[in-house]
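Data first, discussion second: the structure below is written as structure tokens.
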Amino acid sequence: MLIGHSLGGAAVLTVAKDIREVRAVVTIGAPADAAHVLKNFGASLEAIDRDGDAQVDLAGRTFRIGKQFVKDVRAQHISKAVAAMRKPLLILHAPRDETVGIDNATEIFTAAKHPKSFVSLDTADHLLTRPEDAAFAASVIAGWLSRYIVGDVPQDRVAIEHVRVTERGRAPSRTRCWRAGTGCSPTSRKAWAGSIRGPRPTTSCRSRWAHARR
């Protein structure tokens, strides 16, 4: 998944179509035209063109922006990229966002293909500075992503990944590892420094896995 806020949202919309592994995209307060956001740089934009970089105030926070960044922003065509993306998209935007207007969310939503969703962030500001606004956005994203990102599945004795690590209750050495069906556990924790939960699995299992491959 790719999640981007503001210009970061514009960035993920631009590259998502070219990354095969991306299964879903989320934007928060993203502009539909990244070049439009440059207007918020004010006089700093001239300083960037003249000096190569400058401090820029965005929604009450200061960032140092370079000339190459400005050049990259001006070269992007976000709406075209969104239309070509063809991946699930969740758009979160606040109607009262004074940095990136709500009309940007409308343009992105219109350009995107289904499945696509829009959620209003109500009275949140652009940076989601209030904890309750950030928490709400996080909960919405987590719920929406559950439809497109497969969660962990409880496992039995056979590991379905490369390595699985579990705990064995109150046994003297409590860490147990599985790798490609080969299980191992340390016979003693006295030789290992660290917490009472036993040695690091990668260290304790190394010799057993090496022996199993012979």
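A note on labels: chains of the structure tokens are A, B, ... as shown, every chain counts residues from 1, and ligands are counted from 1 in their shown order.
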With only C-alpha atoms as the counted atoms, please give the residues lying no more than 6 Å from segment 13-27 of chain A, apart from itself and same-chain residues fewer than 5 positions off, as a tab-separated table (two decimals) with N, CA and C atoms, in the first residue's frame.
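As a result, selection_30.tsv now contains:
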chain	number	residue	atom	x	y	z
A	1	MET	N	0.84	-1.19	0.00
A	1	MET	CA	0.00	0.00	0.00
A	1	MET	C	0.88	1.24	0.00
A	2	LEU	N	0.33	2.33	-0.50
A	2	LEU	CA	0.98	3.62	-0.46
A	2	LEU	C	0.05	4.62	0.21
A	3	ILE	N	0.57	5.36	1.18
A	3	ILE	CA	-0.19	6.40	1.87
A	3	ILE	C	0.59	7.69	1.80
A	4	GLY	N	-0.06	8.77	1.35
A	4	GLY	CA	0.64	10.04	1.24
A	4	GLY	C	-0.22	11.20	1.68
A	5	HIS	N	0.40	12.17	2.36
A	5	HIS	CA	-0.30	13.36	2.82
A	5	HIS	C	0.17	14.59	2.05
A	78	ILE	N	-1.03	14.91	-12.34
A	78	ILE	CA	-1.62	13.98	-11.38
A	78	ILE	C	-2.92	13.37	-11.89
A	81	ALA	N	-2.31	10.56	-14.20
A	81	ALA	CA	-1.75	9.42	-13.48
A	81	ALA	C	-2.83	8.67	-12.72
A	82	VAL	N	-3.76	9.42	-12.10
A	82	VAL	CA	-4.85	8.80	-11.36
A	82	VAL	C	-5.75	8.00	-12.29
A	85	MET	N	-4.16	4.73	-13.05
A	85	MET	CA	-3.70	3.93	-11.90
A	85	MET	C	-4.44	2.60	-11.79
A	87	LYS	N	-6.19	1.21	-9.42
A	87	LYS	CA	-6.00	0.52	-8.15
A	87	LYS	C	-6.94	1.12	-7.11
A	88	PRO	N	-7.36	0.35	-6.11
A	88	PRO	CA	-8.26	0.89	-5.09
A	88	PRO	C	-7.69	2.17	-4.48
A	89	LEU	N	-8.56	3.18	-4.35
A	89	LEU	CA	-8.12	4.49	-3.86
A	89	LEU	C	-9.04	5.00	-2.78
A	90	LEU	N	-8.44	5.43	-1.68
A	90	LEU	CA	-9.18	6.08	-0.60
A	90	LEU	C	-8.69	7.52	-0.48
A	91	ILE	N	-9.64	8.47	-0.58
A	91	ILE	CA	-9.31	9.90	-0.50
A	91	ILE	C	-9.88	10.45	0.80
Next on the checklist: Using only C-alpha atoms, which protein or nucleic acid residues come within 12 Å of His77 of chain A? Drop anything in the same chain fewer than 5 positions from it, and give the result as an MDAnalysis selection string.
Outcome noted: chainID A and resid 10:11 13:15 31:36 72 82:84 108 111
How about saving the chosen residues, N, CA and C atoms kept, as a PDB file, in the first residue's frame?
ATOM      1  N   ALA A  10       0.186  13.569  -3.583  1.00  0.00           N
ATOM      2  CA  ALA A  10       0.394  13.758  -5.020  1.00  0.00           C
ATOM      3  C   ALA A  10       1.471  12.811  -5.528  1.00  0.00           C
ATOM      4  N   ALA A  11       2.490  12.601  -4.715  1.00  0.00           N
ATOM      5  CA  ALA A  11       3.590  11.717  -5.118  1.00  0.00           C
ATOM      6  C   ALA A  11       3.128  10.274  -5.274  1.00  0.00           C
ATOM      7  N   LEU A  13       0.120   9.183  -5.833  1.00  0.00           N
ATOM      8  CA  LEU A  13      -0.794   9.083  -6.973  1.00  0.00           C
ATOM      9  C   LEU A  13      -0.032   9.019  -8.288  1.00  0.00           C
ATOM     10  N   THR A  14       1.096   9.683  -8.329  1.00  0.00           N
ATOM     11  CA  THR A  14       1.887   9.726  -9.556  1.00  0.00           C
ATOM     12  C   THR A  14       2.612   8.415  -9.822  1.00  0.00           C
ATOM     13  N   VAL A  15       3.113   7.769  -8.779  1.00  0.00           N
ATOM     14  CA  VAL A  15       3.955   6.581  -8.978  1.00  0.00           C
ATOM     15  C   VAL A  15       3.217   5.258  -8.827  1.00  0.00           C
ATOM     16  N   PRO A  31      -3.280  17.396  -3.288  1.00  0.00           N
ATOM     17  CA  PRO A  31      -3.683  18.292  -4.380  1.00  0.00           C
ATOM     18  C   PRO A  31      -3.879  17.529  -5.681  1.00  0.00           C
ATOM     19  N   ALA A  32      -4.816  17.980  -6.492  1.00  0.00           N
ATOM     20  CA  ALA A  32      -5.020  17.376  -7.807  1.00  0.00           C
ATOM     21  C   ALA A  32      -4.045  17.943  -8.821  1.00  0.00           C
ATOM     22  N   ASP A  33      -3.514  19.107  -8.526  1.00  0.00           N
ATOM     23  CA  ASP A  33      -2.524  19.754  -9.379  1.00  0.00           C
ATOM     24  C   ASP A  33      -1.399  20.222  -8.467  1.00  0.00           C
ATOM     25  N   ALA A  34      -0.313  19.474  -8.441  1.00  0.00           N
ATOM     26  CA  ALA A  34       0.773  19.783  -7.510  1.00  0.00           C
ATOM     27  C   ALA A  34       1.333  21.179  -7.731  1.00  0.00           C
ATOM     28  N   ALA A  35       1.337  21.632  -8.988  1.00  0.00           N
ATOM     29  CA  ALA A  35       1.872  22.961  -9.277  1.00  0.00           C
ATOM     30  C   ALA A  35       1.046  24.044  -8.584  1.00  0.00           C
ATOM     31  N   HIS A  36      -0.246  23.751  -8.358  1.00  0.00           N
ATOM     32  CA  HIS A  36      -1.109  24.710  -7.671  1.00  0.00           C
ATOM     33  C   HIS A  36      -0.632  24.979  -6.248  1.00  0.00           C
ATOM     34  N   ASP A  72      10.373  19.081 -10.201  1.00  0.00           N
ATOM     35  CA  ASP A  72       9.651  17.807 -10.272  1.00  0.00           C
ATOM     36  C   ASP A  72       8.146  18.016 -10.124  1.00  0.00           C
ATOM     37  N   VAL A  82      -3.758   9.417 -12.104  1.00  0.00           N
ATOM     38  CA  VAL A  82      -4.853   8.802 -11.356  1.00  0.00           C
ATOM     39  C   VAL A  82      -5.752   7.999 -12.289  1.00  0.00           C
ATOM     40  N   ALA A  83      -6.049   8.549 -13.441  1.00  0.00           N
ATOM     41  CA  ALA A  83      -6.912   7.859 -14.405  1.00  0.00           C
ATOM     42  C   ALA A  83      -6.285   6.556 -14.880  1.00  0.00           C
ATOM     43  N   ALA A  84      -4.957   6.514 -14.937  1.00  0.00           N
ATOM     44  CA  ALA A  84      -4.257   5.325 -15.417  1.00  0.00           C
ATOM     45  C   ALA A  84      -3.910   4.354 -14.289  1.00  0.00           C
ATOM     46  N   ILE A 108      -9.678  14.602  -7.996  1.00  0.00           N
ATOM     47  CA  ILE A 108      -9.000  13.300  -7.920  1.00  0.00           C
ATOM     48  C   ILE A 108     -10.033  12.175  -7.973  1.00  0.00           C
ATOM     49  N   ALA A 111     -11.403  11.656 -11.462  1.00  0.00           N
ATOM     50  CA  ALA A 111     -10.434  11.066 -12.392  1.00  0.00           C
ATOM     51  C   ALA A 111     -10.209   9.577 -12.132  1.00  0.00           C
TER      52      ALA A 111
END
Checklist entry - Closest to Phe118 of chain A among A:Val37, A:Ile141, A:Val70, A:Val100, using only C-alpha atoms? => result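 Ranked by minimum distance to Phe118 of chain A, first place goes to A:Ile141.
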Item to check | Pick from A:Ile149, A:Leu127, A:Leu92, A:Leu38 nearest to Val56 of chain A, counting only C-alpha atoms | outcome: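 Among the listed residues, A:Leu38 lies closest to Val56 of chain A.
For the residues A:Phe69, A:Phe136, A:Phe41, A:Phe63, ranking by smallest atom-to-atom distance to Thr99 of chain A using only C-alpha atoms places A:Phe41 first.
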Checklist outcome for this item: Computed gap from atom CA of Leu121 of chain A to atom CA of Ser79 of chain A is 21.8 Å
Checklist entry - What are the DSSP helix (DSSP H, G or I) residues of segment 44-115 of chain A, as number ranges by chain? => result A: 44-51, 67-75, 78-85, 103-111
Checklist entry - Taking only C-alpha atoms into account, which of A:Asp57, A:Gly29, A:Ser44, A:Arg130 comes nearest Thr106 of chain A? => result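 Closest candidate: A:Gly29.
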